[in-house]
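Participant: So here's entry.cif, just mmCIF, C-alpha atoms:
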data_run
#
loop_
_atom_site.label_atom_id
_atom_site.label_comp_id
_atom_site.auth_asym_id
_atom_site.auth_seq_id
_atom_site.Cartn_x
_atom_site.Cartn_y
_atom_site.Cartn_z
CA MET A 2 0.00 0.00 0.00
CA GLU A 3 2.80 2.43 0.89
CA ASN A 4 4.29 2.09 -2.62
CA LYS A 5 1.00 2.47 -4.46
CA ILE A 6 1.14 5.33 -6.97
CA VAL A 7 -1.57 7.99 -6.56
CA ALA A 8 -1.39 11.04 -8.83
CA ASP A 9 2.27 10.40 -9.71
CA LYS A 10 3.42 9.90 -6.11
CA THR A 11 3.59 6.94 -3.79
CA ILE A 12 1.31 6.98 -0.77
CA LYS A 13 4.47 6.97 1.32
CA ALA A 14 5.58 10.20 -0.38
CA TRP A 15 2.14 11.76 0.11
CA LYS A 16 2.30 10.91 3.81
CA LYS A 17 5.73 12.48 4.12
CA GLU A 18 4.43 15.67 2.49
CA HIS A 19 1.20 15.66 4.53
CA PRO A 20 1.70 13.80 7.85
CA LEU A 21 -2.01 14.25 8.71
CA LEU A 22 -2.70 11.64 6.03
CA ASN A 23 -1.70 8.94 8.51
CA LYS A 24 -4.75 9.76 10.65
CA ILE A 25 -7.00 10.34 7.66
CA ILE A 26 -6.16 6.93 6.15
CA ALA A 27 -6.70 5.33 9.57
CA THR A 28 -10.20 6.94 9.48
CA ARG A 29 -9.58 8.89 12.67
CA GLU A 30 -11.15 12.28 13.28
CA VAL A 31 -8.95 15.17 12.16
CA PHE A 32 -9.10 18.95 11.93
CA TRP A 33 -7.25 20.38 8.92
CA VAL A 34 -6.53 24.05 8.39
CA ASN A 35 -6.17 25.15 4.78
CA PRO A 36 -2.63 26.53 4.26
CA ASN A 37 -3.82 28.32 1.11
CA TYR A 38 -6.55 30.29 2.91
CA GLY A 39 -6.07 33.98 2.20
CA LYS A 40 -7.55 37.44 2.14
CA PHE A 41 -10.84 37.74 0.28
CA LYS A 42 -9.72 40.67 -1.89
CA ASP A 43 -6.92 38.53 -3.30
CA ALA A 44 -8.87 35.28 -3.57
CA ILE A 45 -11.83 36.73 -5.47
CA LYS A 46 -9.55 37.92 -8.29
CA LYS A 47 -8.85 34.28 -9.17
CA ILE A 48 -12.53 33.28 -9.44
CA SER A 49 -14.60 33.64 -12.60
CA LEU A 50 -17.94 33.93 -10.75
CA SER A 51 -18.96 37.19 -9.11
CA LYS A 52 -21.53 38.87 -6.88
CA LYS A 53 -23.42 39.85 -10.03
CA ASP A 54 -23.93 36.16 -10.86
CA VAL A 55 -25.42 35.52 -7.41
CA GLU A 56 -27.69 38.55 -7.73
CA ASP A 57 -28.90 37.23 -11.10
CA ALA A 58 -29.80 33.92 -9.45
CA GLN A 59 -31.62 35.76 -6.68
CA LYS A 60 -33.69 37.72 -9.24
CA ARG A 61 -34.59 34.51 -11.10
CA LEU A 62 -35.85 32.88 -7.91
CA LYS A 63 -38.04 35.95 -7.31
CA ARG A 64 -39.47 35.64 -10.82
CA PHE A 65 -40.39 32.04 -10.09
CA ALA A 66 -41.88 32.79 -6.65
CA PRO A 67 -45.48 33.09 -7.98
CA PHE A 68 -45.15 29.66 -9.64
CA ILE A 69 -43.69 28.11 -6.47
CA ALA A 70 -46.49 29.58 -4.36
CA GLU A 71 -49.08 28.26 -6.81
CA VAL A 72 -47.90 24.63 -6.90
CA PHE A 73 -46.46 24.28 -3.37
CA PRO A 74 -49.02 25.73 -0.90
CA GLU A 75 -46.60 25.38 2.02
CA THR A 76 -44.54 28.23 0.52
CA ARG A 77 -47.37 30.76 0.33
CA LYS A 78 -46.66 32.28 3.74
CA LYS A 79 -43.29 33.34 2.30
CA ASP A 80 -44.76 34.33 -1.07
CA GLY A 81 -43.12 31.45 -2.89
CA ILE A 82 -39.62 32.00 -1.54
CA ILE A 83 -38.07 28.73 -0.32
CA GLU A 84 -36.10 29.67 2.79
CA SER A 85 -35.34 28.21 6.22
CA PRO A 86 -35.12 29.88 9.63
CA VAL A 87 -31.93 30.38 11.61
CA ILE A 88 -32.44 29.82 15.34
CA LEU A 89 -30.58 29.80 18.62
CA ILE A 90 -30.13 26.33 20.14
CA PRO A 91 -29.15 27.12 23.76
CA GLU A 92 -30.06 23.72 25.24
CA MET A 93 -28.05 21.85 22.61
CA LYS A 94 -25.16 24.22 23.25
CA LYS A 95 -25.21 23.21 26.94
CA LYS A 96 -25.31 19.53 25.97
CA ILE A 97 -22.36 19.89 23.57
CA GLN A 98 -20.31 21.70 26.22
CA GLU A 99 -21.13 18.93 28.69
CA LEU A 100 -20.31 16.09 26.27
CA PHE A 101 -16.96 17.49 25.17
CA SER A 102 -15.98 19.43 28.31
CA GLN A 103 -15.48 22.49 26.16
CA ASP A 104 -17.00 25.95 26.47
CA ILE A 105 -18.33 27.32 23.19
CA PHE A 106 -17.55 31.01 23.23
CA GLY A 107 -20.14 33.16 21.50
CA ASP A 108 -23.64 32.29 20.29
CA LEU A 109 -24.57 28.95 18.69
CA LEU A 110 -27.22 28.97 15.95
CA LEU A 111 -28.73 26.37 13.65
CA LYS A 112 -29.57 27.07 10.00
CA CYS A 113 -32.56 24.82 9.45
CA ASP A 114 -32.16 23.81 5.80
CA GLY A 115 -33.44 20.38 6.79
CA HIS A 116 -36.83 22.11 7.03
CA LEU A 117 -36.76 23.87 3.67
CA ALA A 118 -40.09 23.61 1.88
CA VAL A 119 -40.65 21.30 -1.11
CA SER A 120 -37.82 18.80 -0.62
CA GLY A 121 -36.63 19.17 2.98
CA SER A 122 -32.90 19.62 2.44
CA ILE A 123 -30.20 22.04 1.37
CA LYS A 124 -30.59 20.63 -2.16
CA ALA A 125 -33.86 22.58 -2.43
CA ARG A 126 -31.60 25.55 -3.09
CA GLY A 127 -29.28 24.51 -5.90
CA GLY A 128 -31.26 21.61 -7.34
CA ILE A 129 -34.54 23.45 -7.65
CA TYR A 130 -32.78 26.57 -8.92
CA GLU A 131 -31.06 24.78 -11.80
CA VAL A 132 -34.30 23.12 -12.93
CA LEU A 133 -36.10 26.47 -12.82
CA LYS A 134 -33.37 28.17 -14.81
CA HIS A 135 -33.46 25.41 -17.42
CA ALA A 136 -37.25 25.70 -17.66
CA GLU A 137 -37.03 29.46 -18.05
CA ASN A 138 -34.41 29.18 -20.80
CA LEU A 139 -36.56 26.72 -22.75
CA ALA A 140 -39.76 28.74 -22.38
CA VAL A 141 -38.14 32.07 -23.28
CA LYS A 142 -36.42 30.54 -26.30
CA LYS A 143 -39.76 29.25 -27.58
CA ASN A 144 -41.40 32.64 -26.92
CA ILE A 145 -44.10 31.22 -24.64
CA ILE A 146 -43.04 33.42 -21.72
CA THR A 147 -41.17 36.67 -21.15
CA LEU A 148 -39.18 37.79 -18.14
CA LYS A 149 -41.92 40.31 -17.34
CA ASP A 150 -44.73 37.72 -17.17
CA ASN A 151 -46.23 36.34 -13.97
CA TYR A 152 -44.58 32.92 -13.79
CA SER A 153 -47.61 31.34 -12.14
CA ILE A 154 -48.74 30.61 -15.71
CA MET A 155 -46.11 27.83 -15.73
CA ALA A 156 -48.45 25.84 -13.51
CA THR A 157 -50.91 25.43 -16.39
CA GLU A 158 -51.37 22.35 -18.60
CA LYS A 159 -49.99 24.29 -21.56
CA PHE A 160 -46.59 24.50 -19.93
CA LYS A 161 -46.69 20.96 -18.54
CA ASN A 162 -47.33 19.69 -22.04
CA PHE A 163 -44.46 21.79 -23.35
CA PHE A 164 -41.96 20.61 -20.75
CA SER A 165 -43.05 16.97 -21.18
CA GLY A 166 -41.11 16.98 -24.43
CA TYR A 167 -37.87 17.43 -22.49
CA SER A 168 -35.98 15.32 -19.94
CA ILE A 169 -33.66 15.88 -17.00
CA ALA A 170 -31.06 13.48 -15.60
CA VAL A 171 -29.00 13.62 -12.42
CA GLY A 172 -26.75 11.36 -10.34
CA SER A 173 -27.46 11.46 -6.60
CA THR A 174 -27.04 9.85 -3.21
CA GLY A 175 -30.57 10.98 -2.39
CA ASN A 176 -31.38 14.59 -1.53
CA LEU A 177 -30.31 16.20 -4.80
CA GLY A 178 -32.38 13.60 -6.63
CA LEU A 179 -35.34 14.42 -4.40
CA SER A 180 -35.23 18.15 -5.08
CA ILE A 181 -34.77 17.76 -8.83
CA GLY A 182 -37.32 14.97 -9.10
CA ILE A 183 -40.00 16.88 -7.21
CA ILE A 184 -39.63 20.20 -9.03
CA GLY A 185 -38.91 18.59 -12.41
CA ALA A 186 -41.98 16.37 -12.30
CA GLN A 187 -44.12 19.28 -11.10
CA LEU A 188 -43.12 21.31 -14.16
CA GLY A 189 -43.80 18.36 -16.46
CA PHE A 190 -40.29 17.16 -17.30
CA LYS A 191 -39.43 13.48 -17.59
CA VAL A 192 -36.89 13.02 -14.81
CA TYR A 193 -34.27 10.28 -14.46
CA VAL A 194 -32.38 9.97 -11.18
CA HIS A 195 -29.32 7.72 -11.15
CA MET A 196 -28.89 6.66 -7.51
CA SER A 197 -25.86 5.16 -5.81
CA SER A 198 -25.92 2.07 -3.60
CA ASP A 199 -26.07 4.10 -0.37
CA ALA A 200 -29.24 5.99 -1.33
CA LYS A 201 -32.08 5.32 1.12
CA LYS A 202 -35.05 3.23 0.00
CA TRP A 203 -37.59 5.78 1.27
CA LYS A 204 -36.07 8.45 -0.95
CA LYS A 205 -36.35 6.18 -3.99
CA ASP A 206 -39.94 5.32 -3.10
CA LEU A 207 -40.90 8.98 -2.71
CA LEU A 208 -39.48 9.79 -6.14
CA ARG A 209 -41.26 6.87 -7.78
CA ASP A 210 -44.51 8.20 -6.31
CA LYS A 211 -43.80 11.41 -8.26
CA ASP A 212 -43.43 9.37 -11.50
CA VAL A 213 -39.67 9.91 -11.51
CA THR A 214 -37.62 7.12 -13.09
CA ILE A 215 -35.04 5.69 -10.68
CA ILE A 216 -31.98 3.89 -12.02
CA GLU A 217 -30.13 2.06 -9.25
CA TYR A 218 -26.46 1.06 -9.03
CA ASP A 219 -24.44 -1.20 -6.78
CA SER A 220 -21.54 1.26 -7.03
CA ASP A 221 -20.97 4.62 -5.36
CA TYR A 222 -22.03 8.18 -6.15
CA ASN A 223 -19.38 8.96 -8.75
CA GLN A 224 -20.45 6.02 -10.92
CA ALA A 225 -24.10 7.08 -10.72
CA VAL A 226 -23.12 10.56 -11.90
CA GLU A 227 -21.09 9.15 -14.78
CA HIS A 228 -23.99 7.01 -16.00
CA GLY A 229 -26.34 9.99 -15.80
CA ARG A 230 -23.91 12.07 -17.83
CA LYS A 231 -23.68 9.38 -20.53
CA GLN A 232 -27.47 9.10 -20.75
CA ALA A 233 -27.82 12.85 -21.30
CA LEU A 234 -25.08 12.96 -23.93
CA ALA A 235 -27.06 10.46 -26.00
CA ASP A 236 -30.28 12.50 -25.89
CA PRO A 237 -30.34 16.10 -27.25
CA MET A 238 -33.65 16.73 -25.46
CA MET A 239 -32.18 15.82 -22.04
CA HIS A 240 -30.48 18.25 -19.63
CA PHE A 241 -27.91 16.75 -17.27
CA ILE A 242 -27.57 18.38 -13.86
CA ASP A 243 -23.91 17.93 -13.01
CA ASP A 244 -23.42 18.02 -9.26
CA GLU A 245 -19.65 17.96 -9.78
CA ASN A 246 -19.31 20.89 -12.17
CA SER A 247 -22.52 22.92 -12.38
CA HIS A 248 -22.21 26.69 -11.96
CA ASP A 249 -26.00 26.96 -11.75
CA LEU A 250 -26.25 24.60 -8.78
CA PHE A 251 -23.41 26.51 -7.11
CA LEU A 252 -25.10 29.89 -7.60
CA GLY A 253 -28.45 28.57 -6.38
CA TYR A 254 -26.77 27.62 -3.11
CA ALA A 255 -24.93 30.95 -2.92
CA VAL A 256 -28.21 32.89 -2.72
CA ALA A 257 -28.57 31.55 0.84
CA ALA A 258 -25.86 33.96 2.02
CA CYS A 259 -27.80 37.07 0.96
CA ARG A 260 -30.81 35.87 2.88
CA LEU A 261 -28.79 34.84 5.93
CA LYS A 262 -27.45 38.39 6.26
CA ASN A 263 -31.01 39.71 6.55
CA GLN A 264 -31.94 36.99 9.04
CA LEU A 265 -28.96 37.80 11.28
CA ASN A 266 -29.84 41.49 11.14
CA LYS A 267 -33.39 40.72 12.30
CA LEU A 268 -31.97 38.70 15.20
CA SER A 269 -29.66 41.63 16.09
CA PHE A 270 -26.48 39.69 15.35
CA THR A 271 -23.58 41.70 14.00
CA VAL A 272 -20.86 40.32 11.74
CA ASP A 273 -17.79 42.53 11.43
CA GLU A 274 -14.11 42.60 12.32
CA ASN A 275 -14.89 42.37 16.05
CA HIS A 276 -17.79 39.93 15.71
CA PRO A 277 -16.54 36.97 13.61
CA LEU A 278 -18.88 34.46 12.02
CA PHE A 279 -17.99 30.76 11.94
CA VAL A 280 -20.01 28.44 9.71
CA TYR A 281 -19.86 24.62 9.73
CA LEU A 282 -21.14 22.90 6.59
CA PRO A 283 -21.55 19.15 5.90
CA CYS A 284 -19.79 18.30 2.64
CA GLY A 285 -20.27 15.57 0.04
CA VAL A 286 -19.07 16.33 -3.49
CA GLY A 287 -18.86 19.99 -2.47
CA GLY A 288 -21.47 21.91 -4.49
CA GLY A 289 -23.87 22.83 -1.66
CA PRO A 290 -21.36 23.89 0.98
CA GLY A 291 -19.13 25.37 -1.70
CA GLY A 292 -21.83 27.63 -3.07
CA ILE A 293 -22.86 28.76 0.40
CA CYS A 294 -19.24 29.42 1.37
CA PHE A 295 -18.74 31.49 -1.80
CA GLY A 296 -21.89 33.50 -1.10
CA LEU A 297 -20.89 34.09 2.52
CA LYS A 298 -17.45 35.31 1.54
CA LEU A 299 -19.00 37.74 -0.96
CA ILE A 300 -21.17 39.18 1.81
CA PHE A 301 -18.94 39.03 4.90
CA LYS A 302 -15.48 38.79 3.32
CA ASP A 303 -12.72 38.13 5.89
CA ASN A 304 -15.15 38.25 8.81
CA VAL A 305 -16.62 34.82 8.01
CA HIS A 306 -14.74 31.56 8.46
CA CYS A 307 -16.16 28.48 6.73
CA PHE A 308 -15.33 24.90 7.70
CA PHE A 309 -16.53 21.78 5.89
CA ALA A 310 -17.44 18.57 7.73
CA GLU A 311 -16.94 15.11 6.22
CA PRO A 312 -17.32 11.54 7.50
CA THR A 313 -14.06 9.85 8.50
CA HIS A 314 -14.71 7.23 5.80
CA SER A 315 -15.50 9.73 3.01
CA PRO A 316 -13.06 12.67 3.31
CA CYS A 317 -12.96 13.40 -0.43
CA MET A 318 -12.85 17.21 -0.35
CA LEU A 319 -10.24 17.12 2.40
CA LEU A 320 -7.98 14.88 0.30
CA GLY A 321 -8.62 16.92 -2.84
CA LEU A 322 -7.75 20.25 -1.21
CA MET A 323 -4.89 18.94 0.90
CA THR A 324 -3.11 17.43 -2.11
CA LEU A 325 -4.48 20.00 -4.59
CA GLN A 326 -5.25 17.07 -6.89
CA HIS A 327 -9.02 17.62 -6.56
CA ASP A 328 -10.94 15.09 -8.71
CA LYS A 329 -7.75 13.35 -9.82
CA ILE A 330 -7.82 11.35 -6.59
CA SER A 331 -10.45 9.47 -4.62
CA VAL A 332 -10.70 8.24 -1.05
CA GLN A 333 -10.44 4.68 -2.40
CA ASP A 334 -7.01 5.53 -3.86
CA PHE A 335 -5.81 5.85 -0.27
CA GLY A 336 -7.48 2.64 0.91
CA ILE A 337 -10.48 4.40 2.52
CA ASP A 338 -13.73 2.54 1.87
CA ASN A 339 -16.23 5.45 1.44
CA ASN A 340 -18.64 3.47 3.62
CA THR A 341 -20.66 5.83 5.83
CA LYS A 342 -24.16 5.99 7.26
CA ALA A 343 -24.18 9.70 6.36
CA ASP A 344 -25.52 8.85 2.91
CA GLY A 345 -25.63 12.43 1.66
CA LEU A 346 -21.89 12.70 2.28
CA ALA A 347 -20.89 9.31 0.87
CA VAL A 348 -18.77 10.66 -1.97
CA GLY A 349 -15.40 9.26 -2.96
CA ARG A 350 -14.19 11.92 -5.40
CA PRO A 351 -14.67 15.70 -4.92
CA SER A 352 -15.73 18.38 -7.37
CA ALA A 353 -12.68 19.92 -9.01
CA PHE A 354 -14.68 23.04 -9.85
CA VAL A 355 -15.59 23.59 -6.19
CA GLY A 356 -12.14 22.71 -4.87
CA LYS A 357 -10.38 25.09 -7.25
CA THR A 358 -12.93 27.87 -6.66
CA LEU A 359 -12.57 27.63 -2.88
CA ARG A 360 -8.83 27.01 -2.76
CA ASN A 361 -8.18 30.35 -1.05
CA LEU A 362 -11.62 30.85 0.56
CA ILE A 363 -12.24 27.77 2.70
CA SER A 364 -10.72 27.95 6.19
CA GLY A 365 -10.51 24.22 6.81
CA ILE A 366 -12.13 20.80 6.97
CA TYR A 367 -12.74 18.36 9.80
CA THR A 368 -13.96 14.76 9.88
CA VAL A 369 -16.56 13.08 12.08
CA GLU A 370 -17.15 9.45 13.03
CA ASP A 371 -20.55 7.97 12.14
CA ASP A 372 -21.29 6.91 15.72
CA LEU A 373 -20.94 10.49 16.93
CA LEU A 374 -23.49 11.62 14.33
CA TYR A 375 -26.13 9.32 15.83
CA ILE A 376 -25.32 10.41 19.39
CA LEU A 377 -25.62 14.09 18.51
CA LEU A 378 -28.78 13.43 16.49
CA LYS A 379 -30.37 11.91 19.58
CA HIS A 380 -29.31 14.84 21.77
CA LEU A 381 -30.61 17.42 19.30
CA CYS A 382 -33.99 15.68 19.35
CA ASP A 383 -34.01 15.60 23.15
CA THR A 384 -32.81 19.14 23.81
CA GLU A 385 -34.40 21.17 21.01
CA ASN A 386 -37.01 18.80 19.54
CA ILE A 387 -35.31 19.18 16.15
CA PHE A 388 -34.98 16.18 13.85
CA MET A 389 -32.20 15.92 11.27
CA GLU A 390 -30.73 13.00 9.33
CA PRO A 391 -27.22 11.73 10.22
CA SER A 392 -25.40 13.54 7.39
CA ALA A 393 -26.97 16.85 8.46
CA ILE A 394 -25.55 16.47 11.97
CA ALA A 395 -21.93 16.71 10.78
CA GLY A 396 -21.77 20.46 11.39
CA ILE A 397 -22.46 20.16 15.13
CA PRO A 398 -18.97 19.10 16.31
CA GLY A 399 -17.37 21.98 14.38
CA PRO A 400 -17.12 24.58 17.17
CA VAL A 401 -15.65 21.98 19.54
CA GLN A 402 -13.05 20.83 17.03
CA LEU A 403 -12.11 24.43 16.26
CA LEU A 404 -11.68 25.31 19.94
CA GLN A 405 -10.13 22.04 21.16
CA SER A 406 -7.78 20.86 18.42
CA ALA A 407 -4.19 22.09 18.17
CA GLU A 408 -4.81 23.03 14.53
CA GLY A 409 -7.97 24.97 15.40
CA LYS A 410 -6.24 26.85 18.20
CA LYS A 411 -3.44 27.74 15.81
CA TYR A 412 -5.96 29.04 13.27
CA LEU A 413 -7.57 31.30 15.87
CA ARG A 414 -4.19 32.55 17.04
CA GLU A 415 -2.77 33.25 13.59
CA ASN A 416 -5.93 35.06 12.49
CA ASP A 417 -6.00 37.20 15.66
CA LEU A 418 -9.37 35.78 16.72
CA ASN A 419 -8.88 34.59 20.31
CA HIS A 420 -9.87 37.87 21.96
CA LYS A 421 -12.96 38.13 19.71
CA MET A 422 -14.48 34.72 20.41
CA LYS A 423 -16.87 35.85 23.16
CA LYS A 424 -18.55 38.03 20.52
CA ALA A 425 -18.50 35.32 17.84
CA VAL A 426 -21.48 33.72 16.12
CA HIS A 427 -21.29 30.01 15.25
CA ILE A 428 -23.75 28.65 12.68
CA ILE A 429 -24.27 24.93 12.23
CA TRP A 430 -25.77 24.34 8.80
CA GLY A 431 -28.40 21.62 9.23
CA THR A 432 -28.75 20.22 5.73
CA GLY A 433 -31.61 17.67 5.76
CA GLY A 434 -34.09 15.66 7.75
CA SER A 435 -37.68 16.87 7.70
CA MET A 436 -38.73 14.35 5.04
CA VAL A 437 -37.30 11.33 6.86
CA PRO A 438 -40.18 8.94 7.67
CA PRO A 439 -40.98 8.87 11.44
CA ASP A 440 -40.18 5.15 11.82
CA ILE A 441 -36.73 5.64 10.31
CA MET A 442 -36.07 8.71 12.46
CA ASP A 443 -37.04 6.63 15.51
CA LYS A 444 -34.40 4.08 14.50
CA TYR A 445 -31.80 6.84 14.20
CA LYS A 446 -32.66 8.03 17.71
CA GLU A 447 -32.58 4.48 19.09
CA ARG A 448 -29.14 4.02 17.57
CA GLY A 449 -27.99 7.26 19.18
CA GLN A 450 -29.45 6.20 22.53
CA TYR A 451 -27.62 2.89 22.39
CA LEU A 452 -24.29 4.49 21.42
CA SER A 453 -24.53 7.22 24.05
CA LYS A 454 -24.71 4.57 26.79
CA ARG A 455 -21.64 2.64 25.67
#
Take the structure in this file and express it as structure tokens.

Facilitator:
Amino acid sequence: MENKIVADKTIKAWKKEHPLLNKIIATREVFWVNPNYGKFKDAIKKISLSKKDVEDAQKRLKRFAPFIAEVFPETRKKDGIIESPVILIPEMKKKIQELFSQDIFGDLLLKCDGHLAVSGSIKARGGIYEVLKHAENLAVKKNIITLKDNYSIMATEKFKNFFSGYSIAVGSTGNLGLSIGIIGAQLGFKVYVHMSSDAKKWKKDLLRDKDVTIIEYDSDYNQAVEHGRKQALADPMMHFIDDENSHDLFLGYAVAACRLKNQLNKLSFTVDENHPLFVYLPCGVGGGPGGICFGLKLIFKDNVHCFFAEPTHSPCMLLGLMTLQHDKISVQDFGIDNNTKADGLAVGRPSAFVGKTLRNLISGIYTVEDDLLYILLKHLCDTENIFMEPSAIAGIPGPVQLLQSAEGKKYLRENDLNHKMKKAVHIIWGTGGSMVPPDIMDKYKERGQYLSKR
């Protein structure tokens, strides 16, 4: 194994260059600080996307709000805008401090993307946005709608019949497929979701109920994506939603940052040089957390610090950024099995587009053991009566790892943050869970109860 060649180097040579790899390969929890993290004003010059692109996405979502309100009644209270609350979780904060014997300085909040309308996960941002943009492009090109029209007319049979002549394909571990399947079918598209072996049965069943075609694989996420890409290449009427490389997905996620700023203002939370913001985002292939990180940096610049969370058995973005090989390497190349109960994060190879875009923007990445996800899931249910799926829990240990680990302490010291931490805001990004069937959620809680007593 030590002499195996990975991206033109032996694993032994990679370990010598990056000693933390010893722990990563042993699937132990680690906290990695990005040595390429830099000032926002310098980093943004190297990125092709801009604030204007995010604003364009925000305007498009507003155009579609009347349609969303028409077909999804649960969004009408927010006039068709799909958004989640951000809330304080004081009881869970006490429990975390007790479990880890670590004070969390500053306020601890939860961004409840697991309770987003329509598809109940963070993927309701990027996934739904890309389908809507594709639908708009088709309709405008055929002159059956203009940008000044009320988009509620897209809920009519005329438009459903029009979109039924087109197809959409996507590869997914579950939640992205859910969001695209639900919105795509609602518009009238034929939707094909290529699902990896770790995708949950209930997610497949829900999509089939929406008349979405499910194509199952015994292999992992990356193979499902590849098969979806091949299907779309063979059909000129099919649009492939590429979770690994899509700018549209990325920008749909980035809109969340604009809205978060307004939410924090309403809660009287300040983010500036003396009031730093720390955000902890579960990461699979990287599109969702990457887009949100990009949006946050555009809004808060050097005053926000974003950390990704990955399972110890699926640290693909960590390996990609650490080695700067991005999608040229996989966790399997290093003998890591990519076997995790956090199905939404079960990705073996990261997005090169996201990794390269965030090279100088992401503060760091940490890994979490599956058992800890279940334990924290159970405690979140008990303390705050909030239910999230295991993958969505990965953000919770972030503040502890930042404050306890030698690498985290060094990051705070080198960025002159120690004396500001009592005024800090920590946001755990809860990415999914509200659509989990009650009997399955009960099993998650039972597993957490069992593990917490060991």

Participant: Taking (-28.7, 37.0, 13.3) as a centre in this file's frame and 12 Å as the limit, can you find every polymer residue with an atom that close, using all atoms listed in the file, and give them as number ranges by chain?

Facilitator: A: 86-89, 108-112, 260-272, 276, 278, 425-428

Participant: Quote the spacing between atom CA of A:Thr368 and atom CA of A:Phe32 in Å to one decimal place.

Facilitator: 6.7 Å

Participant: Place a sphere of radius 12 Å on (-21.7, 5.0, 4.4) in the file coordinates and name every protein, DNA or RNA residue with an atom inside or on its surface, counting only C-alpha atoms; give the answer as a VMD selection string.

Facilitator: chain A and resid 174 197 to 201 221 to 222 285 311 to 316 337 to 349 370 to 372 391 to 392

Participant: Skip A:Ile83 itself and residues of its chain fewer than 3 positions away, then list as a list of chain:residue names all residues within 9 Å of it, counting only C-alpha atoms.

Facilitator: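 The residues satisfying every condition are A:Leu62, A:Ala66, A:Ile69, A:Thr76, A:Lys79, A:Asp80, A:Leu117, A:Ala118, A:Val119, A:Ala125, A:Arg126.
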
Participant: Name every residue that the PyMOL selection byres ((chain A and resi 387) around 10) selects in this structure, writing the answer as a PyMOL selection string with chains first and numbers rising.

Facilitator: chain A and resi 90+113+115-116+378-386+388-389+434-435

Participant: Translate the PyMOL selection byres ((chain A and resi 180) around 9), as applied to the file shown, into an explicit residue set as a list of chain:residue names.

Facilitator: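 Applied to this file, the PyMOL selection byres ((chain A and resi 180) around 9) selects A:Val119, A:Ser120, A:Gly121, A:Ser122, A:Lys124, A:Ala125, A:Arg126, A:Gly127, A:Gly128, A:Ile129, A:Gly175, A:Asn176, A:Leu177, A:Gly178, A:Leu179, A:Ile181, A:Gly182, A:Ile183, A:Ile184, A:Gly185.
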
Participant: Go through A:Trp33, A:Phe308, A:Phe106, A:Tyr167 one by one, measure the shortest atom-to-atom distance of each to A:Phe241 using only C-alpha atoms, and give the residue with the smallest value.

Facilitator: A:Tyr167

Participant: Given all atoms listed in the file as the basis, pick out the residue of A:His135, A:Leu418, A:Leu252, A:Val171 nearest to A:Lys231.

Facilitator: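 Between A:His135, A:Leu418, A:Leu252, A:Val171, the residue approaching A:Lys231 most closely is A:Val171.
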
Participant: State, in Å with one decimal place, the distance from atom CA of A:Asn151 to atom CA of A:Ala258.

Facilitator: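 Computing it gives 26.0 Å between the two atoms.
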